[in-house]
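Visitor: Hey, dropping final_39.pdb in here, PDB, C-alpha atoms:
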```pdb
ATOM      1  CA  MET A  11      43.028 -34.050 -67.688
ATOM      2  CA  LYS A  12      44.234 -35.235 -71.058
ATOM      3  CA  LEU A  13      43.914 -38.889 -72.015
ATOM      4  CA  LYS A  14      47.677 -39.329 -72.327
ATOM      5  CA  LYS A  15      48.243 -37.862 -68.873
ATOM      6  CA  LEU A  16      45.598 -40.095 -67.338
ATOM      7  CA  GLU A  17      47.142 -43.134 -68.974
ATOM      8  CA  SER A  18      50.632 -42.291 -67.807
ATOM      9  CA  VAL A  19      49.414 -41.771 -64.239
ATOM     10  CA  LEU A  20      47.556 -45.088 -64.276
ATOM     11  CA  GLN A  21      50.738 -46.803 -65.406
ATOM     12  CA  GLN A  22      52.076 -46.114 -61.924
ATOM     13  CA  VAL A  23      49.286 -48.033 -60.231
ATOM     14  CA  ASP A  24      50.629 -51.247 -58.677
ATOM     15  CA  GLY A  25      49.036 -54.441 -59.946
ATOM     16  CA  PHE A  26      48.485 -57.854 -58.348
ATOM     17  CA  GLU A  27      51.588 -59.299 -56.702
ATOM     18  CA  LYS A  28      50.424 -62.900 -56.823
ATOM     19  CA  PRO A  29      47.318 -63.005 -59.008
ATOM     20  CA  LYS A  30      44.790 -65.647 -57.974
ATOM     21  CA  LEU A  31      43.789 -67.784 -60.913
ATOM     22  CA  LEU A  32      40.369 -68.786 -59.665
ATOM     23  CA  LEU A  33      39.362 -65.171 -59.094
ATOM     24  CA  GLU A  34      40.465 -64.339 -62.638
ATOM     25  CA  GLN A  35      42.738 -61.604 -61.407
ATOM     26  CA  TYR A  36      44.159 -59.621 -64.298
ATOM     27  CA  PRO A  37      44.875 -55.911 -64.019
ATOM     28  CA  THR A  38      43.006 -53.649 -66.401
ATOM     29  CA  SER A  39      45.725 -52.213 -68.617
ATOM     30  CA  PRO A  40      46.386 -48.486 -68.076
ATOM     31  CA  HIS A  41      45.598 -47.858 -71.731
ATOM     32  CA  ILE A  42      42.212 -49.544 -71.647
ATOM     33  CA  ALA A  43      41.358 -48.067 -68.258
ATOM     34  CA  ALA A  44      42.264 -44.580 -69.430
ATOM     35  CA  CYS A  45      40.244 -44.920 -72.638
ATOM     36  CA  MET A  46      37.225 -46.253 -70.754
ATOM     37  CA  LEU A  47      37.305 -43.568 -68.090
ATOM     38  CA  TYR A  48      37.960 -40.794 -70.550
ATOM     39  CA  THR A  49      34.899 -41.772 -72.596
ATOM     40  CA  ILE A  50      32.685 -42.188 -69.544
ATOM     41  CA  HIS A  51      33.763 -38.760 -68.346
ATOM     42  CA  ASN A  52      33.890 -36.743 -71.576
ATOM     43  CA  THR A  53      31.182 -38.301 -73.697
ATOM     44  CA  PHE A  54      28.669 -39.126 -70.992
ATOM     45  CA  GLY A  55      29.585 -36.968 -67.978
ATOM     46  CA  ASP A  56      29.102 -39.940 -65.654
ATOM     47  CA  ILE A  57      32.124 -39.469 -63.406
ATOM     48  CA  GLU A  58      32.679 -35.905 -62.237
ATOM     49  CA  GLY A  59      30.701 -35.129 -59.099
ATOM     50  CA  LYS A  60      29.080 -38.554 -59.165
ATOM     51  CA  LEU A  61      28.890 -41.424 -56.706
ATOM     52  CA  VAL A  62      30.663 -44.243 -58.513
ATOM     53  CA  ALA A  63      30.980 -47.947 -57.690
ATOM     54  CA  ASP A  64      33.756 -50.184 -59.028
ATOM     55  CA  LEU A  65      32.696 -53.829 -58.790
ATOM     56  CA  GLY A  66      35.562 -56.306 -58.630
ATOM     57  CA  CYS A  67      37.920 -53.368 -58.198
ATOM     58  CA  GLY A  68      41.058 -55.469 -57.730
ATOM     59  CA  CYS A  69      44.054 -53.189 -57.281
ATOM     60  CA  GLY A  70      41.980 -50.146 -58.127
ATOM     61  CA  VAL A  71      43.037 -48.927 -61.561
ATOM     62  CA  LEU A  72      39.515 -47.916 -62.581
ATOM     63  CA  SER A  73      38.649 -46.388 -59.205
ATOM     64  CA  ILE A  74      41.827 -44.376 -58.984
ATOM     65  CA  GLY A  75      41.245 -43.074 -62.486
ATOM     66  CA  ALA A  76      37.649 -42.164 -61.651
ATOM     67  CA  ALA A  77      38.737 -40.393 -58.494
ATOM     68  CA  MET A  78      41.315 -38.426 -60.448
ATOM     69  CA  LEU A  79      38.586 -37.354 -62.838
ATOM     70  CA  ASP A  80      36.834 -35.871 -59.813
ATOM     71  CA  ALA A  81      34.223 -38.431 -58.949
ATOM     72  CA  GLY A  82      32.430 -37.242 -55.797
ATOM     73  CA  LEU A  83      33.336 -40.591 -54.261
ATOM     74  CA  CYS A  84      34.370 -43.886 -55.806
ATOM     75  CA  VAL A  85      33.665 -47.035 -53.778
ATOM     76  CA  GLY A  86      35.558 -50.187 -54.735
ATOM     77  CA  PHE A  87      34.122 -53.625 -53.962
ATOM     78  CA  ASP A  88      36.222 -56.805 -54.019
ATOM     79  CA  ILE A  89      36.367 -60.181 -52.301
ATOM     80  CA  ASP A  90      40.138 -60.495 -52.000
ATOM     81  CA  ASP A  91      42.194 -59.259 -49.009
ATOM     82  CA  ASP A  92      45.434 -59.021 -50.952
ATOM     83  CA  ALA A  93      43.992 -57.042 -53.854
ATOM     84  CA  LEU A  94      42.284 -54.611 -51.485
ATOM     85  CA  ASP A  95      45.524 -54.171 -49.611
ATOM     86  CA  ILE A  96      47.338 -53.209 -52.800
ATOM     87  CA  PHE A  97      44.472 -50.892 -53.743
ATOM     88  CA  ARG A  98      44.663 -49.215 -50.352
ATOM     89  CA  ARG A  99      48.410 -48.688 -50.732
ATOM     90  CA  ASN A 100      47.887 -47.290 -54.217
ATOM     91  CA  ALA A 101      45.285 -44.829 -52.940
ATOM     92  CA  GLU A 102      47.645 -43.714 -50.190
ATOM     93  CA  GLU A 103      50.575 -43.285 -52.549
ATOM     94  CA  PHE A 104      48.521 -41.263 -54.991
ATOM     95  CA  GLU A 105      46.990 -39.348 -52.086
ATOM     96  CA  ILE A 106      43.485 -39.908 -53.340
ATOM     97  CA  PRO A 107      40.970 -38.938 -50.660
ATOM     98  CA  ASN A 108      37.744 -39.563 -52.585
ATOM     99  CA  ILE A 109      37.905 -43.332 -52.516
ATOM    100  CA  ASP A 110      36.447 -45.963 -50.190
ATOM    101  CA  LEU A 111      36.728 -49.756 -50.158
ATOM    102  CA  VAL A 112      34.419 -52.572 -49.127
ATOM    103  CA  GLN A 113      35.320 -56.253 -48.906
ATOM    104  CA  CYS A 114      32.424 -58.464 -49.916
ATOM    105  CA  ASP A 115      31.319 -61.273 -52.216
ATOM    106  CA  LEU A 116      29.480 -59.733 -55.147
ATOM    107  CA  CYS A 117      27.823 -63.056 -55.909
ATOM    108  CA  ALA A 118      26.348 -63.206 -52.423
ATOM    109  CA  LEU A 119      25.539 -59.513 -52.410
ATOM    110  CA  GLU A 120      21.987 -58.519 -51.703
ATOM    111  CA  ALA A 121      22.219 -55.791 -54.294
ATOM    112  CA  GLU A 122      18.752 -54.557 -53.357
ATOM    113  CA  ALA A 123      20.269 -52.912 -50.292
ATOM    114  CA  TYR A 124      22.243 -50.704 -52.657
ATOM    115  CA  ALA A 125      19.436 -50.248 -55.192
ATOM    116  CA  LYS A 126      19.965 -47.110 -57.273
ATOM    117  CA  LYS A 127      22.317 -45.666 -54.673
ATOM    118  CA  PHE A 128      25.175 -45.142 -57.104
ATOM    119  CA  ASP A 129      25.020 -42.765 -60.067
ATOM    120  CA  THR A 130      27.417 -44.883 -62.083
ATOM    121  CA  VAL A 131      28.916 -48.361 -61.885
ATOM    122  CA  ILE A 132      32.158 -49.075 -63.717
ATOM    123  CA  MET A 133      33.756 -52.490 -63.858
ATOM    124  CA  ASN A 134      36.001 -54.977 -65.539
ATOM    125  CA  PRO A 135      34.340 -58.119 -64.165
ATOM    126  CA  PRO A 136      35.664 -61.682 -64.241
ATOM    127  CA  PHE A 137      34.676 -63.190 -67.593
ATOM    128  CA  GLY A 138      33.620 -66.495 -66.091
ATOM    129  CA  THR A 139      36.324 -68.640 -67.616
ATOM    130  CA  LYS A 140      37.708 -70.344 -64.530
ATOM    131  CA  HIS A 141      35.077 -72.764 -63.200
ATOM    132  CA  ASN A 142      32.967 -69.704 -62.474
ATOM    133  CA  GLN A 143      30.721 -69.641 -65.490
ATOM    134  CA  GLY A 144      28.073 -66.989 -65.397
ATOM    135  CA  MET A 145      30.134 -64.780 -63.124
ATOM    136  CA  ASP A 146      30.072 -61.924 -65.606
ATOM    137  CA  MET A 147      26.271 -61.966 -65.635
ATOM    138  CA  LYS A 148      26.086 -62.042 -61.834
ATOM    139  CA  PHE A 149      28.268 -58.968 -61.668
ATOM    140  CA  LEU A 150      26.163 -57.314 -64.339
ATOM    141  CA  LYS A 151      22.924 -58.015 -62.529
ATOM    142  CA  ALA A 152      24.315 -56.557 -59.294
ATOM    143  CA  ALA A 153      25.645 -53.522 -61.152
ATOM    144  CA  LEU A 154      22.316 -52.820 -62.840
ATOM    145  CA  THR A 155      20.563 -52.928 -59.484
ATOM    146  CA  MET A 156      23.049 -50.583 -57.859
ATOM    147  CA  ALA A 157      23.270 -47.964 -60.600
ATOM    148  CA  LYS A 158      20.843 -45.123 -61.090
ATOM    149  CA  THR A 159      22.121 -43.811 -64.416
ATOM    150  CA  ALA A 160      24.545 -46.160 -66.129
ATOM    151  CA  VAL A 161      26.734 -49.242 -65.924
ATOM    152  CA  TYR A 162      29.990 -49.408 -67.880
ATOM    153  CA  SER A 163      31.535 -52.822 -68.276
ATOM    154  CA  LEU A 164      33.858 -55.010 -70.317
ATOM    155  CA  HIS A 165      32.601 -58.339 -71.663
ATOM    156  CA  LYS A 166      33.922 -60.837 -74.159
ATOM    157  CA  THR A 167      32.671 -59.977 -77.642
ATOM    158  CA  SER A 168      31.729 -63.649 -78.041
ATOM    159  CA  THR A 169      29.059 -63.160 -75.376
ATOM    160  CA  ARG A 170      27.515 -60.070 -76.970
ATOM    161  CA  GLU A 171      24.378 -61.745 -78.270
ATOM    162  CA  HIS A 172      23.750 -63.470 -74.973
ATOM    163  CA  ILE A 173      24.146 -60.191 -73.117
ATOM    164  CA  GLN A 174      21.861 -58.351 -75.508
ATOM    165  CA  LYS A 175      19.170 -60.924 -74.902
ATOM    166  CA  LYS A 176      19.542 -60.612 -71.143
ATOM    167  CA  ALA A 177      19.461 -56.826 -71.411
ATOM    168  CA  ASN A 178      16.130 -57.110 -73.228
ATOM    169  CA  ASP A 179      14.786 -59.442 -70.573
ATOM    170  CA  TRP A 180      15.838 -57.014 -67.864
ATOM    171  CA  GLY A 181      14.386 -53.999 -69.692
ATOM    172  CA  VAL A 182      17.746 -52.329 -69.995
ATOM    173  CA  LYS A 183      19.265 -50.417 -72.925
ATOM    174  CA  ILE A 184      22.659 -51.524 -74.165
ATOM    175  CA  GLU A 185      25.219 -49.641 -76.236
ATOM    176  CA  VAL A 186      28.461 -51.052 -77.624
ATOM    177  CA  ILE A 187      30.770 -48.094 -77.118
ATOM    178  CA  ALA A 188      33.838 -49.804 -78.514
ATOM    179  CA  GLU A 189      35.397 -53.102 -79.424
ATOM    180  CA  LEU A 190      38.735 -53.516 -77.767
ATOM    181  CA  ARG A 191      41.577 -55.927 -78.055
ATOM    182  CA  TYR A 192      42.350 -56.833 -74.501
ATOM    183  CA  ASP A 193      45.995 -57.726 -74.437
ATOM    184  CA  LEU A 194      46.603 -60.209 -71.665
ATOM    185  CA  PRO A 195      50.290 -60.757 -71.047
ATOM    186  CA  ALA A 196      51.317 -64.156 -69.736
ATOM    187  CA  SER A 197      50.647 -63.878 -66.040
ATOM    188  CA  TYR A 198      50.174 -67.473 -64.964
ATOM    189  CA  LYS A 199      52.659 -70.318 -65.298
ATOM    190  CA  PHE A 200      50.424 -72.283 -67.643
ATOM    191  CA  HIS A 201      50.206 -69.453 -70.177
ATOM    192  CA  LYS A 202      52.217 -70.723 -73.122
ATOM    193  CA  LYS A 203      51.979 -67.703 -75.372
ATOM    194  CA  LYS A 204      53.660 -64.438 -74.463
ATOM    195  CA  SER A 205      50.385 -62.616 -74.735
ATOM    196  CA  VAL A 206      46.911 -63.186 -76.005
ATOM    197  CA  ASP A 207      44.435 -60.800 -77.557
ATOM    198  CA  ILE A 208      40.880 -61.219 -76.443
ATOM    199  CA  GLN A 209      38.102 -59.386 -78.260
ATOM    200  CA  VAL A 210      36.239 -57.408 -75.692
ATOM    201  CA  ASP A 211      33.215 -55.124 -75.860
ATOM    202  CA  PHE A 212      33.113 -51.919 -73.877
ATOM    203  CA  LEU A 213      29.425 -51.665 -73.056
ATOM    204  CA  ARG A 214      27.154 -49.037 -71.593
ATOM    205  CA  PHE A 215      23.899 -50.123 -69.965
ATOM    206  CA  SER A 216      21.216 -47.655 -69.033
ATOM    207  CA  GLN A 217      17.525 -47.574 -68.187
ATOM    208  CA  VAL A 218      15.244 -47.697 -71.182
TER
ATOM    209  CA  MET B  14      35.318 -46.564 -44.180
ATOM    210  CA  LYS B  15      33.503 -43.314 -44.761
ATOM    211  CA  LEU B  16      30.069 -42.635 -43.403
ATOM    212  CA  LEU B  17      28.588 -42.222 -46.876
ATOM    213  CA  THR B  18      29.536 -45.851 -47.477
ATOM    214  CA  HIS B  19      28.465 -46.949 -43.995
ATOM    215  CA  ASN B  20      25.019 -45.510 -44.678
ATOM    216  CA  MET B  21      24.520 -48.160 -47.367
ATOM    217  CA  LEU B  22      25.922 -51.211 -45.562
ATOM    218  CA  THR B  23      23.565 -53.876 -44.212
ATOM    219  CA  SER B  24      23.969 -57.257 -42.574
ATOM    220  CA  HIS B  25      22.598 -60.049 -44.773
ATOM    221  CA  VAL B  26      23.246 -62.938 -42.460
ATOM    222  CA  LYS B  27      20.616 -65.648 -43.034
ATOM    223  CA  GLY B  28      17.615 -65.152 -40.816
ATOM    224  CA  VAL B  29      18.248 -61.495 -40.068
ATOM    225  CA  THR B  30      15.289 -59.327 -41.035
ATOM    226  CA  LYS B  31      16.704 -55.921 -40.310
ATOM    227  CA  GLY B  32      20.476 -55.756 -40.258
ATOM    228  CA  TYR B  33      20.501 -51.970 -40.475
ATOM    229  CA  PRO B  34      21.933 -49.637 -39.474
ATOM    230  CA  LEU B  35      25.156 -51.343 -38.475
ATOM    231  CA  LEU B  36      26.452 -50.091 -35.149
ATOM    232  CA  ILE B  37      29.965 -48.704 -35.334
ATOM    233  CA  LYS B  38      32.517 -49.624 -32.708
ATOM    234  CA  ALA B  39      35.625 -47.696 -33.702
ATOM    235  CA  THR B  40      39.042 -47.948 -32.121
ATOM    236  CA  GLU B  41      40.715 -45.651 -34.624
ATOM    237  CA  VAL B  42      39.127 -42.770 -36.495
ATOM    238  CA  LYS B  43      40.799 -40.366 -38.870
ATOM    239  CA  VAL B  44      39.644 -37.073 -40.353
ATOM    240  CA  SER B  45      41.022 -36.307 -43.783
ATOM    241  CA  ASP B  46      40.752 -33.437 -46.253
ATOM    242  CA  VAL B  47      38.399 -33.917 -49.148
ATOM    243  CA  ASP B  48      37.502 -31.163 -51.594
ATOM    244  CA  PHE B  49      34.084 -29.724 -50.828
ATOM    245  CA  ASN B  50      31.588 -30.126 -53.641
ATOM    246  CA  PRO B  51      28.263 -28.629 -52.494
ATOM    247  CA  GLN B  52      26.267 -30.038 -55.414
ATOM    248  CA  PHE B  53      27.521 -33.535 -54.734
ATOM    249  CA  VAL B  54      26.656 -33.329 -51.047
ATOM    250  CA  SER B  55      23.278 -31.852 -51.883
ATOM    251  CA  ARG B  56      22.491 -34.727 -54.224
ATOM    252  CA  MET B  57      23.619 -37.373 -51.775
ATOM    253  CA  ILE B  58      21.417 -36.143 -48.939
ATOM    254  CA  PRO B  59      18.093 -37.475 -50.302
ATOM    255  CA  LYS B  60      19.694 -40.922 -50.742
ATOM    256  CA  LEU B  61      20.713 -41.116 -47.099
ATOM    257  CA  GLU B  62      18.977 -42.664 -44.152
ATOM    258  CA  TRP B  63      19.374 -39.481 -42.136
ATOM    259  CA  SER B  64      18.811 -41.085 -38.746
ATOM    260  CA  ALA B  65      21.486 -43.683 -39.500
ATOM    261  CA  LEU B  66      23.947 -40.885 -40.289
ATOM    262  CA  VAL B  67      23.116 -39.090 -37.040
ATOM    263  CA  GLN B  68      23.531 -42.318 -35.092
ATOM    264  CA  ALA B  69      26.875 -43.037 -36.733
ATOM    265  CA  ALA B  70      28.092 -39.495 -36.059
ATOM    266  CA  ASP B  71      27.088 -39.905 -32.419
ATOM    267  CA  GLU B  72      28.886 -43.240 -32.132
ATOM    268  CA  LEU B  73      32.066 -41.691 -33.438
ATOM    269  CA  GLY B  74      31.827 -38.623 -31.259
ATOM    270  CA  HIS B  75      31.722 -36.418 -34.334
ATOM    271  CA  ARG B  76      28.120 -35.350 -34.232
ATOM    272  CA  GLN B  77      28.841 -31.727 -33.248
ATOM    273  CA  ASP B  78      25.603 -29.858 -33.939
ATOM    274  CA  LEU B  79      24.175 -32.045 -36.670
ATOM    275  CA  PRO B  80      20.380 -31.867 -36.349
ATOM    276  CA  ALA B  81      18.330 -34.999 -35.664
ATOM    277  CA  GLU B  82      16.030 -34.079 -38.522
ATOM    278  CA  LEU B  83      17.046 -32.904 -41.950
ATOM    279  CA  ILE B  84      16.553 -29.157 -42.308
ATOM    280  CA  PRO B  85      14.425 -27.822 -45.191
ATOM    281  CA  ASP B  86      16.154 -25.858 -47.987
ATOM    282  CA  TYR B  87      19.521 -27.434 -47.218
ATOM    283  CA  GLU B  88      20.569 -27.070 -50.881
ATOM    284  CA  LYS B  89      21.304 -23.391 -50.338
ATOM    285  CA  ASP B  90      22.818 -23.683 -46.906
ATOM    286  CA  ASP B  91      26.570 -23.990 -47.475
ATOM    287  CA  ASP B  92      27.335 -24.132 -43.762
ATOM    288  CA  PHE B  93      25.017 -27.066 -43.329
ATOM    289  CA  LEU B  94      26.355 -28.774 -46.447
ATOM    290  CA  LYS B  95      29.912 -28.369 -45.171
ATOM    291  CA  LYS B  96      28.968 -30.140 -41.934
ATOM    292  CA  VAL B  97      27.394 -32.974 -43.868
ATOM    293  CA  HIS B  98      30.385 -33.100 -46.233
ATOM    294  CA  ARG B  99      32.714 -33.508 -43.297
ATOM    295  CA  LEU B 100      30.727 -36.388 -41.892
ATOM    296  CA  LEU B 101      30.058 -38.194 -45.137
ATOM    297  CA  LEU B 102      33.497 -37.928 -46.702
ATOM    298  CA  GLU B 103      36.157 -36.710 -44.259
ATOM    299  CA  VAL B 104      35.539 -38.741 -41.107
ATOM    300  CA  GLU B 105      36.885 -42.276 -41.613
ATOM    301  CA  VAL B 106      36.842 -45.359 -39.444
ATOM    302  CA  ILE B 107      40.247 -47.014 -39.764
ATOM    303  CA  GLU B 108      40.013 -49.771 -37.141
ATOM    304  CA  GLY B 109      37.080 -51.236 -35.316
ATOM    305  CA  CYS B 110      34.014 -53.183 -36.297
ATOM    306  CA  LEU B 111      30.431 -52.939 -37.462
ATOM    307  CA  GLN B 112      27.802 -54.763 -35.463
ATOM    308  CA  CYS B 113      24.518 -56.116 -36.723
ATOM    309  CA  PRO B 114      21.781 -54.522 -34.571
ATOM    310  CA  GLU B 115      19.698 -57.693 -34.696
ATOM    311  CA  SER B 116      22.121 -60.602 -34.384
ATOM    312  CA  GLY B 117      25.141 -58.900 -32.831
ATOM    313  CA  ARG B 118      27.385 -60.395 -35.495
ATOM    314  CA  GLN B 119      30.494 -58.310 -35.933
ATOM    315  CA  PHE B 120      32.078 -57.289 -39.216
ATOM    316  CA  PRO B 121      35.678 -56.187 -38.696
ATOM    317  CA  ILE B 122      37.070 -52.960 -40.102
ATOM    318  CA  SER B 123      40.769 -53.077 -40.691
ATOM    319  CA  ARG B 124      42.933 -50.420 -42.385
ATOM    320  CA  GLY B 125      39.783 -48.577 -43.310
ATOM    321  CA  ILE B 126      38.166 -51.533 -45.071
ATOM    322  CA  PRO B 127      35.013 -53.172 -43.674
ATOM    323  CA  ASN B 128      34.917 -56.930 -44.246
ATOM    324  CA  MET B 129      31.341 -57.899 -45.076
ATOM    325  CA  LEU B 130      32.164 -61.472 -46.116
ATOM    326  CA  LEU B 131      29.791 -64.038 -44.644
ATOM    327  CA  ASN B 132      30.648 -67.548 -43.490
ATOM    328  CA  GLU B 133      29.133 -70.512 -45.341
ATOM    329  CA  ASP B 134      26.521 -71.078 -42.701
ATOM    330  CA  GLU B 135      25.378 -67.481 -42.767
ATOM    331  CA  VAL B 136      24.470 -67.329 -46.431
TER
END
```
Could you spell out this file's structure in structure tokens?
Guide:
Amino acid sequence: MKLKKLESVLQQVDGFEKPKLLLEQYPTSPHIAACMLYTIHNTFGDIEGKLVADLGCGCGVLSIGAAMLDAGLCVGFDIDDDALDIFRRNAEEFEIPNIDLVQCDLCALEAEAYAKKFDTVIMNPPFGTKHNQGMDMKFLKAALTMAKTAVYSLHKTSTREHIQKKANDWGVKIEVIAELRYDLPASYKFHKKKSVDIQVDFLRFSQV
Amino acid sequence: MKLLTHNMLTSHVKGVTKGYPLLIKATEVKVSDVDFNPQFVSRMIPKLEWSALVQAADELGHRQDLPAELIPDYEKDDDFLKKVHRLLLEVEVIEGCLQCPESGRQFPISRGIPNMLLNEDEV
């Protein structure tokens, strides 16, 4: 599937109806999702025929894209009822059979139970900006436990050094695949600007 | 909830030592059509707790002739792989619950999604 086609399909995926501030619910833009998935698939071959996990899947943009790129199965994990409901409806509308969903709290997850069960983990985790500092690292730790081959994730560029240090501590290899401008349109009432660009790293973690 | 996913799920309620495998009590089960990928199924098999899969298949009444023990040389046996494919990916629990074998605590499954969230006192 061509990148443009993937992006245009992902544009049809329904986003959050009433995003919850404290869960940092922002949809991953179709453009960024398509670029991420396309790279993971074409450059690294980590989607087709693989068992993929999407942590903090929200409404399912990344999972649906992965499923369309022929993941063996993509399992989405999220804490929120409403997001999972929208994801489920999206999967039905797109008639995507190779998707499954689990409702759970990734911070309370005993990731060991899933150790190395997934080939690939993809995610756009909460950045930890809403009284939930350190959330991005919790997600990352869980992801690294669950993945056998690689973890693909988005993190604020401003946290790159911190993440690199942690990656060293954990004995994990890190690759900055791309620097992205994450365009966040005003989605909450308190957002004064029309949209804000956040510098974000698209990272690949793998075993050393 | 597909059985490939179910095979990984555990109860982590505080105090539980072995919350696996979760017993399935299904009130609605669906069988869908998923493209058969023999290599994928073949690769998933070693990751599975085979006995948990057999138990789940039994509970759902979809066991058919799935053997209690994994057969050798399954990689080349397309018929066998198709059976496993059907169970892992096509049989889905839509409504029902999962029950912890140790504590009896139930995790509801609604619209195909198992809810593994714990209460404050269970963490």
Visitor: At a cut-off of 12 Å, which residues of chain A touch chain B? Count only C-alpha atoms and give the answer as number ranges by chain.
Guide: A: 57-63, 77, 80-99, 101-102, 105-129, 156, 158
Visitor: Residues proximal to (36.1, -40.4, -67.6) were defined as those with any atom within 10 Å of that point in the file's coordinates, counting all atoms listed in the file. Which are they, as a ChimeraX atom specification?
Guide: /A:11,13,16,43-58,72,75-81
Visitor: List every protein, DNA or RNA residue with an atom no more than 8 Å from (42.7, -48.4, -76.7) in the file's coordinates, counting all atoms listed in the file, and format the result as a VMD selection string.
Guide: chain A and resid 41 to 42 45 190 to 191
Visitor: Provide the atom CA of Glu41 of chain B to atom CA of Cys69 of chain A distance in Å, to one decimal place.
Guide: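 It comes out at 24.1 Å.
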Visitor: Convert the output of the PyMOL selection byres ((chain B and resi 111) around 6) on the shown file into explicit residues, formatted as a PyMOL selection string.
Guide: chain B and resi 35-37+110+112+119-120
Visitor: In terms of the shortest atom-to-atom distance over all atoms listed in the file, which of A:Thr139, A:Thr155, A:Ser163, A:Ser73 is closest to Asn100 of chain A?
Guide: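 Among A:Thr139, A:Thr155, A:Ser163, A:Ser73, it is A:Ser73 that comes nearest to Asn100 of chain A.
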Visitor: Just to confirm, what's the straight-line distance from atom CA of Ala69 of chain B to atom CA of Val26 of chain B in Å (one decimal)?
Guide: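 Rounded to one decimal, the two atoms are 21.0 Å apart.
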Visitor: Might I get the box with edges along x, y and z of the file that holds all atoms of segment 143-150 of chain A listed there, padded by 8 Å on every side, given as centre and edge lengths in Å to one decimal, as lines of an AutoDock Vina configuration file?
Guide:
```
center_x = 28.4
center_y = -63.5
center_z = -63.7
size_x = 20.6
size_y = 28.3
size_z = 20.0
```
